[in-house]
file final_17.txt (compact mmCIF, C-alpha atoms)
# COMPACT_ATOMS: atom_id res chain seq x y z
CA MET A 885 108.90 -55.26 -65.15
CA PRO A 886 109.10 -53.07 -62.03
CA SER A 887 112.22 -50.95 -61.78
CA PRO A 888 114.61 -52.14 -59.05
CA GLU A 889 113.49 -50.94 -55.60
CA PRO A 890 116.21 -48.99 -53.82
CA SER A 891 115.65 -51.08 -50.69
CA VAL A 892 116.56 -54.35 -52.45
CA PRO A 893 120.28 -54.95 -52.09
CA ALA A 894 122.49 -55.71 -55.08
CA LEU A 895 123.93 -59.22 -55.24
CA ASP A 896 127.54 -58.38 -55.98
CA ARG A 897 129.65 -60.36 -53.54
CA PRO A 898 131.25 -63.46 -55.09
CA GLU A 899 129.22 -65.96 -53.04
CA GLN A 900 126.06 -64.08 -54.02
CA VAL A 901 126.95 -64.16 -57.70
CA VAL A 902 127.72 -67.88 -57.51
CA THR A 903 124.43 -68.81 -55.87
CA VAL A 904 122.42 -66.80 -58.41
CA LEU A 905 124.34 -68.55 -61.21
CA GLY A 906 123.32 -71.80 -59.51
CA LEU A 907 119.67 -70.75 -59.59
CA VAL A 908 119.91 -69.92 -63.28
CA ALA A 909 121.63 -73.24 -64.05
CA ALA A 910 119.03 -75.15 -62.04
CA SER A 911 116.24 -73.41 -63.95
CA ARG A 912 117.77 -74.57 -67.25
CA VAL A 913 118.34 -78.15 -66.06
CA THR A 914 114.73 -78.28 -64.86
CA ALA A 915 113.47 -76.91 -68.17
CA PHE A 916 115.50 -79.61 -69.92
CA ASP A 917 114.00 -82.34 -67.71
CA TRP A 918 110.43 -81.23 -68.18
CA LEU A 919 110.73 -80.77 -71.93
CA ALA A 920 112.55 -84.09 -72.35
CA ALA A 921 109.76 -85.91 -70.51
CA ASP A 922 107.07 -83.94 -72.36
CA ALA A 923 108.57 -84.99 -75.69
CA LEU A 924 107.77 -88.63 -74.92
CA HIS A 925 104.08 -87.72 -74.59
CA ALA A 926 103.89 -85.82 -77.87
CA PRO A 927 101.07 -87.04 -80.10
CA ARG A 928 103.16 -86.92 -83.27
CA THR A 929 106.79 -87.62 -84.14
CA GLN A 930 107.18 -84.08 -85.44
CA ALA A 931 106.11 -82.54 -82.12
CA ARG A 932 108.26 -85.03 -80.25
CA VAL A 933 111.35 -84.06 -82.20
CA ALA A 934 110.58 -80.34 -81.92
CA VAL A 935 110.24 -80.55 -78.13
CA THR A 936 113.34 -82.77 -77.88
CA ARG A 937 115.32 -80.14 -79.74
CA LEU A 938 113.93 -77.42 -77.53
CA ALA A 939 115.09 -79.42 -74.51
CA SER A 940 118.54 -79.82 -76.04
CA GLY A 941 118.88 -76.05 -76.34
CA GLN A 942 118.29 -75.32 -72.64
CA LEU A 943 121.84 -76.17 -71.61
CA GLY A 944 123.44 -74.05 -74.34
CA ALA A 945 124.82 -71.48 -71.90
CA TYR A 946 125.95 -73.99 -69.28
CA ASP A 947 129.66 -73.67 -70.05
CA THR A 948 129.47 -69.90 -69.82
CA LEU A 949 127.64 -70.08 -66.48
CA ALA A 950 130.14 -72.63 -65.15
CA ARG A 951 133.08 -70.46 -66.17
CA SER A 952 131.52 -67.43 -64.54
CA ALA A 953 130.93 -69.37 -61.30
CA GLU A 954 134.56 -70.46 -61.37
CA GLU A 955 135.73 -66.87 -61.85
CA HIS A 956 133.78 -66.02 -58.70
CA GLY A 957 135.37 -68.87 -56.76
CA GLY A 958 132.47 -71.31 -56.92
CA VAL A 959 131.38 -74.57 -58.52
CA LEU A 960 128.20 -74.26 -60.59
CA THR A 961 126.78 -77.73 -59.95
CA ASP A 962 127.23 -77.32 -56.19
CA ALA A 963 125.51 -73.95 -56.32
CA ALA A 964 122.66 -75.41 -58.42
CA ALA A 965 121.96 -78.40 -56.17
CA PRO A 966 119.65 -76.78 -53.54
CA TYR A 967 117.63 -75.00 -56.24
CA LEU A 968 117.32 -78.19 -58.28
CA GLU A 969 115.80 -79.91 -55.29
CA LEU A 970 113.15 -77.18 -54.96
CA LEU A 971 112.38 -77.10 -58.68
CA ASP A 972 112.25 -80.91 -58.89
CA GLY A 973 109.53 -80.66 -56.24
CA ILE A 974 107.38 -78.51 -58.55
CA GLY A 975 107.87 -81.09 -61.27
CA GLN A 976 106.87 -83.96 -59.02
CA ARG A 977 103.70 -82.20 -57.89
CA THR A 978 102.60 -81.30 -61.43
CA ARG A 979 102.95 -84.62 -63.22
CA SER A 980 100.48 -85.66 -65.86
CA ASP A 981 100.25 -88.30 -68.58
CA ASP A 982 98.14 -86.01 -70.72
CA TRP A 983 100.02 -84.17 -73.47
CA TRP A 984 98.04 -80.92 -73.14
CA GLU A 985 98.41 -80.85 -69.36
CA ARG A 986 102.12 -81.48 -69.70
CA VAL A 987 102.49 -78.67 -72.21
CA VAL A 988 100.57 -76.26 -70.00
CA ARG A 989 102.60 -77.36 -66.99
CA THR A 990 105.91 -76.71 -68.71
CA VAL A 991 104.81 -73.41 -70.23
CA VAL A 992 103.32 -72.14 -66.97
CA ALA A 993 105.75 -73.44 -64.35
CA GLY A 994 108.78 -73.25 -66.64
CA GLY A 995 107.92 -69.66 -67.49
CA MET A 996 107.48 -68.70 -63.86
CA VAL A 997 110.77 -70.29 -62.84
CA ARG A 998 112.52 -68.47 -65.67
CA ASP A 999 110.94 -65.16 -64.62
CA LEU A 1000 111.99 -65.67 -61.03
CA ALA A 1001 115.58 -66.39 -62.07
CA ARG A 1002 115.46 -63.28 -64.26
CA VAL A 1003 114.20 -61.03 -61.44
CA VAL A 1004 116.93 -62.25 -59.11
CA GLY A 1005 119.53 -62.08 -61.90
CA GLU A 1006 118.80 -58.38 -62.40
CA ARG A 1007 120.41 -57.73 -59.01
CA LEU A 1008 123.77 -58.97 -60.29
CA PRO A 1009 126.53 -56.57 -61.35
CA GLU A 1010 127.75 -56.33 -64.94
CA PRO A 1011 129.06 -58.28 -66.84
CA VAL A 1012 127.60 -61.35 -65.12
CA ARG A 1013 124.12 -59.82 -65.33
CA ASP A 1014 124.36 -60.03 -69.11
CA VAL A 1015 125.60 -63.61 -68.94
CA VAL A 1016 122.52 -64.54 -66.93
CA ALA A 1017 120.14 -62.61 -69.18
CA GLY A 1018 121.62 -64.46 -72.16
CA ALA A 1019 121.28 -67.86 -70.48
CA LEU A 1020 117.61 -67.14 -69.73
CA ALA A 1021 116.78 -65.69 -73.15
CA GLY A 1022 116.72 -69.08 -74.89
CA GLN A 1023 113.77 -70.33 -76.86
CA GLY A 1024 110.84 -71.49 -74.77
CA LEU A 1025 107.97 -73.88 -75.29
CA THR A 1026 105.32 -71.15 -75.46
CA GLY A 1027 106.17 -70.06 -78.99
CA LEU A 1028 106.17 -73.63 -80.20
CA VAL A 1029 102.82 -74.71 -78.77
CA ALA A 1030 100.77 -71.58 -78.02
CA ALA A 1031 98.92 -71.63 -81.33
CA GLU A 1032 98.32 -75.37 -81.05
CA VAL A 1033 96.88 -75.16 -77.52
CA ALA A 1034 94.72 -72.17 -78.45
CA GLN A 1035 93.40 -74.05 -81.47
CA ALA A 1036 92.68 -77.26 -79.54
CA THR A 1037 90.85 -75.45 -76.74
CA ALA A 1038 88.90 -73.14 -79.08
CA GLY A 1039 86.91 -76.11 -80.34
CA ASP A 1040 86.60 -77.93 -77.03
CA GLN A 1041 85.08 -76.15 -74.04
CA ALA A 1042 85.65 -79.08 -71.67
CA LEU A 1043 89.36 -79.19 -72.55
CA SER A 1044 89.59 -75.43 -72.23
CA ALA A 1045 88.03 -75.49 -68.74
CA ARG A 1046 90.17 -78.43 -67.64
CA LEU A 1047 93.41 -76.81 -68.84
CA ALA A 1048 92.52 -73.43 -67.29
CA LEU A 1049 91.96 -75.14 -63.94
CA TRP A 1050 95.14 -77.15 -64.36
CA GLY A 1051 97.08 -74.00 -65.28
CA ARG A 1052 95.95 -72.32 -62.07
CA ARG A 1053 97.00 -75.32 -60.02
CA VAL A 1054 100.42 -75.41 -61.66
CA ALA A 1055 100.81 -71.65 -61.18
CA GLY A 1056 100.03 -72.12 -57.50
CA GLU A 1057 102.75 -74.74 -57.17
CA ALA A 1058 105.30 -72.54 -58.94
CA LEU A 1059 104.35 -69.45 -56.94
CA GLY A 1060 104.78 -71.51 -53.80
CA ALA A 1061 108.43 -72.01 -54.75
CA VAL A 1062 109.23 -68.28 -54.99
CA GLN A 1063 109.83 -67.74 -51.28
CA PRO A 1064 111.82 -71.00 -50.76
CA VAL A 1065 114.02 -70.04 -53.73
CA LEU A 1066 114.60 -66.57 -52.30
CA ASP A 1067 115.36 -68.21 -48.95
CA VAL A 1068 118.17 -70.21 -50.57
CA VAL A 1069 119.61 -67.05 -52.15
CA GLU A 1070 119.46 -65.32 -48.75
CA LEU A 1071 121.12 -68.20 -46.97
CA ALA A 1072 123.84 -68.87 -49.55
CA GLY A 1073 124.44 -65.16 -50.17
CA ALA A 1074 124.05 -63.95 -46.58
CA VAL A 1075 121.70 -61.21 -47.75
CA ASP A 1076 118.25 -59.95 -46.77
CA LEU A 1077 115.97 -60.17 -49.79
CA SER A 1078 112.67 -59.55 -48.01
CA ALA A 1079 112.15 -56.41 -50.10
CA LEU A 1080 112.41 -58.51 -53.28
CA ALA A 1081 109.61 -60.98 -52.44
CA ALA A 1082 106.67 -58.75 -53.36
CA PRO A 1083 108.06 -57.41 -56.66
CA ALA A 1084 109.23 -60.93 -57.59
CA VAL A 1085 105.77 -62.39 -57.05
CA GLY A 1086 104.29 -59.43 -58.94
CA THR A 1087 106.49 -59.91 -62.00
CA VAL A 1088 106.07 -63.66 -62.02
CA SER A 1089 102.27 -63.37 -61.73
CA ALA A 1090 101.94 -60.70 -64.41
CA ASP A 1091 103.97 -62.70 -66.91
CA HIS A 1092 101.95 -65.78 -66.01
CA ALA A 1093 98.71 -64.01 -66.94
CA ARG A 1094 100.23 -63.03 -70.30
CA ARG A 1095 101.31 -66.62 -71.00
CA MET A 1096 97.86 -68.03 -70.17
CA GLN A 1097 96.40 -65.46 -72.55
CA ARG A 1098 98.75 -66.60 -75.32
CA LEU A 1099 97.59 -70.17 -74.70
CA GLY A 1100 93.97 -68.98 -74.94
CA LEU A 1101 93.25 -70.01 -71.35
CA ALA A 1102 91.56 -68.12 -68.53
CA ALA A 1103 94.25 -67.23 -65.97
CA MET B 848 134.31 -104.09 -88.97
CA PRO B 849 133.70 -106.60 -91.78
CA SER B 850 134.33 -105.23 -95.25
CA PRO B 851 131.11 -104.79 -97.24
CA GLU B 852 129.99 -108.10 -98.74
CA PRO B 853 129.51 -107.87 -102.51
CA SER B 854 126.09 -109.51 -102.16
CA VAL B 855 124.75 -106.69 -99.95
CA PRO B 856 123.18 -104.03 -102.17
CA ALA B 857 124.08 -100.37 -101.86
CA LEU B 858 121.35 -98.09 -100.56
CA ASP B 859 121.59 -95.32 -103.13
CA ARG B 860 118.07 -94.67 -104.35
CA PRO B 861 116.48 -91.54 -102.81
CA GLU B 862 113.83 -93.45 -100.82
CA GLN B 863 116.57 -95.73 -99.46
CA VAL B 864 118.71 -92.79 -98.41
CA VAL B 865 115.73 -91.14 -96.70
CA THR B 866 114.79 -94.21 -94.68
CA VAL B 867 118.38 -94.74 -93.51
CA LEU B 868 118.52 -91.07 -92.48
CA GLY B 869 115.32 -91.77 -90.54
CA LEU B 870 116.99 -94.69 -88.76
CA VAL B 871 119.96 -92.51 -87.83
CA ALA B 872 117.68 -89.71 -86.58
CA ALA B 873 115.62 -92.19 -84.56
CA SER B 874 118.77 -93.58 -82.97
CA ARG B 875 119.75 -90.07 -81.83
CA VAL B 876 116.27 -89.22 -80.51
CA THR B 877 116.26 -92.51 -78.59
CA ALA B 878 119.71 -91.82 -77.18
CA PHE B 879 118.44 -88.41 -76.08
CA ASP B 880 115.40 -89.95 -74.36
CA TRP B 881 117.36 -92.58 -72.51
CA LEU B 882 120.07 -90.19 -71.35
CA ALA B 883 117.54 -87.55 -70.32
CA ALA B 884 115.70 -90.08 -68.16
CA ASP B 885 118.98 -91.51 -66.82
CA ALA B 886 120.04 -88.04 -65.71
CA LEU B 887 117.14 -87.90 -63.26
CA HIS B 888 118.46 -91.03 -61.54
CA ALA B 889 122.01 -89.77 -61.17
CA PRO B 890 123.27 -90.01 -57.61
CA ARG B 891 124.95 -86.59 -57.68
CA THR B 892 124.13 -83.23 -59.26
CA GLN B 893 127.42 -83.31 -61.14
CA ALA B 894 126.61 -86.63 -62.82
CA ARG B 895 123.09 -85.43 -63.50
CA VAL B 896 124.31 -82.33 -65.29
CA ALA B 897 126.97 -84.26 -67.20
CA VAL B 898 124.42 -86.78 -68.49
CA THR B 899 121.92 -84.00 -69.25
CA ARG B 900 124.54 -82.29 -71.38
CA LEU B 901 125.39 -85.55 -73.11
CA ALA B 902 121.69 -85.93 -73.93
CA SER B 903 121.59 -82.39 -75.28
CA GLY B 904 124.39 -83.19 -77.71
CA GLN B 905 122.63 -86.13 -79.36
CA LEU B 906 120.50 -83.94 -81.63
CA GLY B 907 123.42 -81.82 -82.79
CA ALA B 908 123.33 -83.19 -86.36
CA TYR B 909 119.55 -83.16 -86.68
CA ASP B 910 119.40 -80.14 -88.99
CA THR B 911 121.99 -81.65 -91.29
CA LEU B 912 120.10 -84.96 -91.42
CA ALA B 913 116.80 -83.16 -92.06
CA ARG B 914 118.32 -81.13 -94.90
CA SER B 915 119.80 -84.25 -96.45
CA ALA B 916 116.42 -86.03 -96.26
CA GLU B 917 114.81 -83.02 -97.93
CA GLU B 918 117.42 -83.07 -100.71
CA HIS B 919 116.41 -86.67 -101.32
CA GLY B 920 112.73 -85.79 -101.45
CA GLY B 921 111.78 -86.98 -97.97
CA VAL B 922 110.77 -85.71 -94.53
CA LEU B 923 113.11 -86.81 -91.75
CA THR B 924 110.53 -87.08 -88.95
CA ASP B 925 108.25 -89.22 -91.14
CA ALA B 926 111.16 -91.48 -92.01
CA ALA B 927 112.18 -91.74 -88.36
CA ALA B 928 108.73 -92.65 -87.02
CA PRO B 929 108.72 -96.45 -87.64
CA TYR B 930 112.24 -96.83 -86.24
CA LEU B 931 111.38 -94.75 -83.19
CA GLU B 932 108.55 -97.12 -82.42
CA LEU B 933 110.92 -100.11 -82.51
CA LEU B 934 113.59 -98.40 -80.45
CA ASP B 935 111.05 -97.12 -77.92
CA GLY B 936 110.14 -100.78 -77.44
CA ILE B 937 113.70 -101.60 -76.37
CA GLY B 938 113.51 -98.71 -73.91
CA GLN B 939 110.23 -99.89 -72.45
CA ARG B 940 111.51 -103.43 -71.94
CA THR B 941 114.73 -102.32 -70.24
CA ARG B 942 113.46 -99.88 -67.64
CA SER B 943 115.05 -99.67 -64.23
CA ASP B 944 115.00 -97.30 -61.28
CA ASP B 945 118.55 -98.24 -60.39
CA TRP B 946 121.22 -95.79 -61.56
CA TRP B 947 123.80 -98.46 -62.40
CA GLU B 948 121.29 -100.57 -64.33
CA ARG B 949 120.16 -97.49 -66.24
CA VAL B 950 123.73 -96.60 -67.11
CA VAL B 951 124.46 -100.14 -68.31
CA ARG B 952 121.20 -100.17 -70.28
CA THR B 953 122.01 -96.96 -72.09
CA VAL B 954 125.64 -97.88 -72.75
CA VAL B 955 124.76 -101.38 -73.97
CA ALA B 956 121.52 -100.84 -75.90
CA GLY B 957 122.43 -97.32 -77.02
CA GLY B 958 125.77 -98.59 -78.30
CA MET B 959 124.18 -101.46 -80.18
CA VAL B 960 121.59 -99.20 -81.80
CA ARG B 961 124.32 -96.80 -82.83
CA ASP B 962 126.38 -99.67 -84.29
CA LEU B 963 123.41 -100.96 -86.24
CA ALA B 964 122.72 -97.51 -87.69
CA ARG B 965 126.41 -97.27 -88.59
CA VAL B 966 126.47 -100.65 -90.37
CA VAL B 967 123.39 -99.74 -92.41
CA GLY B 968 124.73 -96.22 -93.03
CA GLU B 969 127.90 -97.63 -94.60
CA ARG B 970 125.74 -98.77 -97.53
CA LEU B 971 124.90 -95.17 -98.42
CA PRO B 972 126.66 -93.35 -101.25
CA GLU B 973 128.88 -90.32 -100.65
CA PRO B 974 128.44 -87.60 -99.49
CA VAL B 975 125.46 -88.69 -97.36
CA ARG B 976 127.51 -91.56 -95.93
CA ASP B 977 129.80 -88.99 -94.33
CA VAL B 978 126.82 -87.03 -93.01
CA VAL B 979 125.58 -90.17 -91.28
CA ALA B 980 129.01 -91.11 -89.95
CA GLY B 981 129.28 -87.61 -88.48
CA ALA B 982 125.83 -87.78 -86.88
CA LEU B 983 126.74 -91.10 -85.24
CA ALA B 984 130.21 -90.06 -84.11
CA GLY B 985 128.95 -87.92 -81.23
CA GLN B 986 130.04 -88.41 -77.67
CA GLY B 987 128.54 -91.43 -75.93
CA LEU B 988 127.87 -92.36 -72.35
CA THR B 989 130.57 -95.04 -72.23
CA GLY B 990 133.45 -92.62 -71.95
CA LEU B 991 131.69 -90.70 -69.19
CA VAL B 992 130.79 -93.63 -66.94
CA ALA B 993 133.03 -96.57 -67.86
CA ALA B 994 135.61 -95.85 -65.18
CA GLU B 995 132.90 -95.21 -62.60
CA VAL B 996 131.08 -98.48 -63.32
CA ALA B 997 134.33 -100.44 -63.36
CA GLN B 998 135.30 -98.90 -60.01
CA ALA B 999 131.91 -99.56 -58.39
CA THR B 1000 131.81 -103.18 -59.51
CA ALA B 1001 135.47 -103.90 -58.66
CA GLY B 1002 134.65 -103.56 -54.98
CA ASP B 1003 131.24 -105.24 -55.07
CA GLN B 1004 130.91 -108.75 -56.47
CA ALA B 1005 127.12 -108.85 -56.05
CA LEU B 1006 126.73 -105.62 -58.03
CA SER B 1007 129.16 -106.88 -60.65
CA ALA B 1008 127.19 -110.12 -61.11
CA ARG B 1009 123.85 -108.32 -61.18
CA LEU B 1010 125.02 -105.79 -63.78
CA ALA B 1011 126.63 -108.47 -65.96
CA LEU B 1012 123.36 -110.40 -65.98
CA TRP B 1013 121.42 -107.21 -66.64
CA GLY B 1014 123.79 -106.26 -69.46
CA ARG B 1015 123.17 -109.62 -71.14
CA ARG B 1016 119.42 -109.16 -70.87
CA VAL B 1017 119.62 -105.66 -72.35
CA ALA B 1018 121.89 -106.91 -75.13
CA GLY B 1019 119.34 -109.60 -75.94
CA GLU B 1020 116.59 -106.99 -76.25
CA ALA B 1021 118.72 -104.78 -78.49
CA LEU B 1022 119.84 -107.71 -80.66
CA GLY B 1023 116.20 -108.67 -81.03
CA ALA B 1024 115.59 -105.31 -82.70
CA VAL B 1025 118.22 -105.80 -85.42
CA GLN B 1026 116.03 -107.84 -87.76
CA PRO B 1027 112.89 -105.67 -87.27
CA VAL B 1028 114.99 -102.56 -88.02
CA LEU B 1029 116.39 -104.17 -91.18
CA ASP B 1030 112.83 -105.15 -92.11
CA VAL B 1031 111.79 -101.48 -92.01
CA VAL B 1032 114.75 -100.53 -94.22
CA GLU B 1033 113.79 -103.29 -96.66
CA LEU B 1034 110.16 -102.25 -96.75
CA ALA B 1035 110.74 -98.51 -97.02
CA GLY B 1036 113.66 -98.90 -99.44
CA ALA B 1037 112.25 -101.78 -101.49
CA VAL B 1038 115.55 -103.65 -101.13
CA ASP B 1039 116.61 -107.14 -100.07
CA LEU B 1040 118.98 -106.84 -97.11
CA SER B 1041 119.03 -110.52 -96.12
CA ALA B 1042 122.79 -110.63 -96.79
CA LEU B 1043 123.30 -107.80 -94.28
CA ALA B 1044 121.66 -109.51 -91.29
CA ALA B 1045 124.58 -111.78 -90.35
CA PRO B 1046 127.38 -109.18 -90.65
CA ALA B 1047 125.20 -106.62 -88.85
CA VAL B 1048 124.62 -108.95 -85.90
CA GLY B 1049 128.34 -109.83 -85.98
CA THR B 1050 129.48 -106.20 -85.78
CA VAL B 1051 126.91 -105.25 -83.16
CA SER B 1052 127.84 -108.24 -80.99
CA ALA B 1053 131.59 -107.71 -81.26
CA ASP B 1054 131.31 -104.06 -80.27
CA HIS B 1055 129.01 -105.04 -77.42
CA ALA B 1056 131.67 -107.35 -75.99
CA ARG B 1057 134.20 -104.53 -76.14
CA ARG B 1058 131.83 -102.16 -74.33
CA MET B 1059 131.12 -104.67 -71.54
CA GLN B 1060 134.86 -105.06 -71.16
CA ARG B 1061 135.29 -101.31 -70.78
CA LEU B 1062 132.63 -101.35 -68.09
CA GLY B 1063 134.50 -104.17 -66.34
CA LEU B 1064 131.58 -106.57 -66.77
CA ALA B 1065 131.48 -110.16 -68.06
CA ALA B 1066 129.77 -110.09 -71.49
call {"tool": "encode", "arguments": {"input": "final_17.txt", "output": "structure tokens"}}
result
Amino acid sequence: MPSPEPSVPALDRPEQVVTVLGLVAASRVTAFDWLAADALHAPRTQARVAVTRLASGQLGAYDTLARSAEEHGGVLTDAAAPYLELLDGIGQRTRSDDWWERVVRTVVAGGMVRDLARVVGERLPEPVRDVVAGALAGQGLTGLVAAEVAQATAGDQALSARLALWGRRVAGEALGAVQPVLDVVELAGAVDLSALAAPAVGTVSADHARRMQRLGLAA
Amino acid sequence: MPSPEPSVPALDRPEQVVTVLGLVAASRVTAFDWLAADALHAPRTQARVAVTRLASGQLGAYDTLARSAEEHGGVLTDAAAPYLELLDGIGQRTRSDDWWERVVRTVVAGGMVRDLARVVGERLPEPVRDVVAGALAGQGLTGLVAAEVAQATAGDQALSARLALWGRRVAGEALGAVQPVLDVVELAGAVDLSALAAPAVGTVSADHARRMQRLGLAA
């Protein structure tokens, strides 16, 4: 991760803290939605239950985030609403009825959204920065399915090529949301984050390449 | 609730306990699925988050159920699979894109499935009977939305009539699953549950009428 650039302002005013908490909450609600829908496409009951439980864990820090928003004079669901709309858009543009494509979608786009929330969250002051880091540290889908995807694609070149292409498309959609998300932070927090755009895209892209590698797919 | 009929056998052999645990687990996974999908149709972010969190809570007892199945020589996900298929069928036949119809579907069918699992679970020996009662005691959707549905329908006779009709249709679908669910218990547990069918339908129907009343709808 790049060390914070001196030209990127901290997000320490209450309205700034609240909107970042909203972004983090929206990222967890979106992860829940995607995983919950993925679970229904799982090929086996065991995978379905595992993904369902993963979904259930995404909201674990919600109370803590809501309390923190309240302490900063805001309402978490209100702060989350504009981000949810943006992230829902990624979900709508990356739908698939295929289990493998769904898994890759959620790993790739979910991971990028989480990274973006993390990069923005690092601008928060303590102790809320720790709250956000904790909320984003939850278990992800990658660990659960990486070995399975790598195994399935190792024996199937057509699947491997299809999922690599699909992964790039999904990554494009998620990357396309970086600037609109930063725009919402700027607007709600009355702050200029133009210096954050490049490092944010850099971090999100680098972590994306690592995730594709774990899945055994060409990034 | 009717007191256990002497002619209904207890479900105390290990394979019987395991299959009932599977039914209970399947009822929670189904509740999760329905609530997770409902959340996406919520008219406001606040309702969406509230329903998402309700969904997340449904799997809270899963570890306990899985451990209990293991203690009885079974695997919970395997035991849940045939029930999940039946309950998924109810879900597929009661789909709607309308928020109110979704809410009524999940309250009505989810409540009836929970009641059925409860009636069957009462045949288990201690201490697993308590485990099951605990897993089924979780928070439901009724408490969250009853007042809202009642308020919306009080001012809108057309909506009230449509939802009452819809609730009856959903109830019919859920009631239709009672015998197939008991059939799975009989098959997996090698037990004759014919004496349980009538009291089970009786309990499920009576609780259904109470739920419709709470929603302010004609049962």
call {"tool": "closest_atom_pairs", "arguments": {"input": "final_17.txt", "of": "range 1055-1096 of chain A", "to": "range 903-913 of chain A", "cutoff": "9 Å", "atoms": "only C-alpha atoms", "output": "Markdown table"}}
result
| residue | atom | partner | partner_atom | distance |
| --- | --- | --- | --- | --- |
| A:Val1065 | CA | A:Leu907 | CA | 8.2 |
| A:Val1068 | CA | A:Thr903 | CA | 8.3 |
| A:Val1069 | CA | A:Thr903 | CA | 6.3 |
| A:Ala1072 | CA | A:Thr903 | CA | 6.3 |
| A:Gly1073 | CA | A:Thr903 | CA | 6.8 |
call {"tool": "write_last_selection", "arguments": {"input": "final_17.txt", "atoms": "C-alpha atoms", "output": "compact mmCIF listing (two decimals), keeping the file's coordinate frame"}}
result
# COMPACT_ATOMS: atom_id res chain seq x y z
CA VAL A 1065 114.02 -70.04 -53.73
CA VAL A 1068 118.17 -70.21 -50.57
CA VAL A 1069 119.61 -67.05 -52.15
CA ALA A 1072 123.84 -68.87 -49.55
CA GLY A 1073 124.44 -65.16 -50.17
call {"tool": "residues_around", "arguments": {"input": "final_17.txt", "residues": "Ala1066 in chain B", "least_positions_apart": "3", "cutoff": "7 Å", "atoms": "only C-alpha atoms", "output": "VMD selection string"}}
result
chain B and resid 1011 1015 1056 1059
call {"tool": "interface_residues", "arguments": {"input": "final_17.txt", "of": "chain B", "to": "chain A", "cutoff": "10 Å", "atoms": "only C-alpha atoms", "output": "ChimeraX atom specification"}}
result
/B:872-873,876,879-884,886-887,891-897,899-907,909,922-929,931-932,935
call {"tool": "write_last_selection", "arguments": {"input": "final_17.txt", "atoms": "C-alpha atoms", "output": "mmCIF file, keeping the file's coordinate frame"}}
result
data_model
loop_
_atom_site.group_PDB
_atom_site.id
_atom_site.type_symbol
_atom_site.label_atom_id
_atom_site.label_comp_id
_atom_site.auth_asym_id
_atom_site.auth_seq_id
_atom_site.Cartn_x
_atom_site.Cartn_y
_atom_site.Cartn_z
ATOM 1 C CA ALA B 872 117.680 -89.710 -86.580
ATOM 2 C CA ALA B 873 115.620 -92.190 -84.560
ATOM 3 C CA VAL B 876 116.270 -89.220 -80.510
ATOM 4 C CA PHE B 879 118.440 -88.410 -76.080
ATOM 5 C CA ASP B 880 115.400 -89.950 -74.360
ATOM 6 C CA TRP B 881 117.360 -92.580 -72.510
ATOM 7 C CA LEU B 882 120.070 -90.190 -71.350
ATOM 8 C CA ALA B 883 117.540 -87.550 -70.320
ATOM 9 C CA ALA B 884 115.700 -90.080 -68.160
ATOM 10 C CA ALA B 886 120.040 -88.040 -65.710
ATOM 11 C CA LEU B 887 117.140 -87.900 -63.260
ATOM 12 C CA ARG B 891 124.950 -86.590 -57.680
ATOM 13 C CA THR B 892 124.130 -83.230 -59.260
ATOM 14 C CA GLN B 893 127.420 -83.310 -61.140
ATOM 15 C CA ALA B 894 126.610 -86.630 -62.820
ATOM 16 C CA ARG B 895 123.090 -85.430 -63.500
ATOM 17 C CA VAL B 896 124.310 -82.330 -65.290
ATOM 18 C CA ALA B 897 126.970 -84.260 -67.200
ATOM 19 C CA THR B 899 121.920 -84.000 -69.250
ATOM 20 C CA ARG B 900 124.540 -82.290 -71.380
ATOM 21 C CA LEU B 901 125.390 -85.550 -73.110
ATOM 22 C CA ALA B 902 121.690 -85.930 -73.930
ATOM 23 C CA SER B 903 121.590 -82.390 -75.280
ATOM 24 C CA GLY B 904 124.390 -83.190 -77.710
ATOM 25 C CA GLN B 905 122.630 -86.130 -79.360
ATOM 26 C CA LEU B 906 120.500 -83.940 -81.630
ATOM 27 C CA GLY B 907 123.420 -81.820 -82.790
ATOM 28 C CA TYR B 909 119.550 -83.160 -86.680
ATOM 29 C CA VAL B 922 110.770 -85.710 -94.530
ATOM 30 C CA LEU B 923 113.110 -86.810 -91.750
ATOM 31 C CA THR B 924 110.530 -87.080 -88.950
ATOM 32 C CA ASP B 925 108.250 -89.220 -91.140
ATOM 33 C CA ALA B 926 111.160 -91.480 -92.010
ATOM 34 C CA ALA B 927 112.180 -91.740 -88.360
ATOM 35 C CA ALA B 928 108.730 -92.650 -87.020
ATOM 36 C CA PRO B 929 108.720 -96.450 -87.640
ATOM 37 C CA LEU B 931 111.380 -94.750 -83.190
ATOM 38 C CA GLU B 932 108.550 -97.120 -82.420
ATOM 39 C CA ASP B 935 111.050 -97.120 -77.920
#
call {"tool": "residues_near_point", "arguments": {"input": "final_17.txt", "point": "(110.3, -78.2, -61.9)", "cutoff": "9 Å", "atoms": "only C-alpha atoms", "output": "PyMOL selection string"}}
result
chain A and resi 911+914-915+917-918+968-978+990+993-994+997+1058
call {"tool": "residues_around", "arguments": {"input": "final_17.txt", "residues": "Glu973 in chain B", "least_positions_apart": "2", "cutoff": "12 Å", "atoms": "only C-alpha atoms", "output": "PyMOL selection string"}}
result
chain B and resi 857-859+864+915+968-971+975-980
call {"tool": "residues_around", "arguments": {"input": "final_17.txt", "residues": "Asp1054 in chain B", "least_positions_apart": "4", "cutoff": "8 Å", "atoms": "all atoms listed in the file", "output": "ChimeraX atom specification"}}
result
/B:959,962,1050,1058
call {"tool": "closest_residue", "arguments": {"input": "final_17.txt", "among": "A:Ala926, A:Ala1074, A:Leu1099, A:Leu949", "to": "Ala1031 in chain A", "atoms": "only C-alpha atoms"}}
result
A:Leu1099
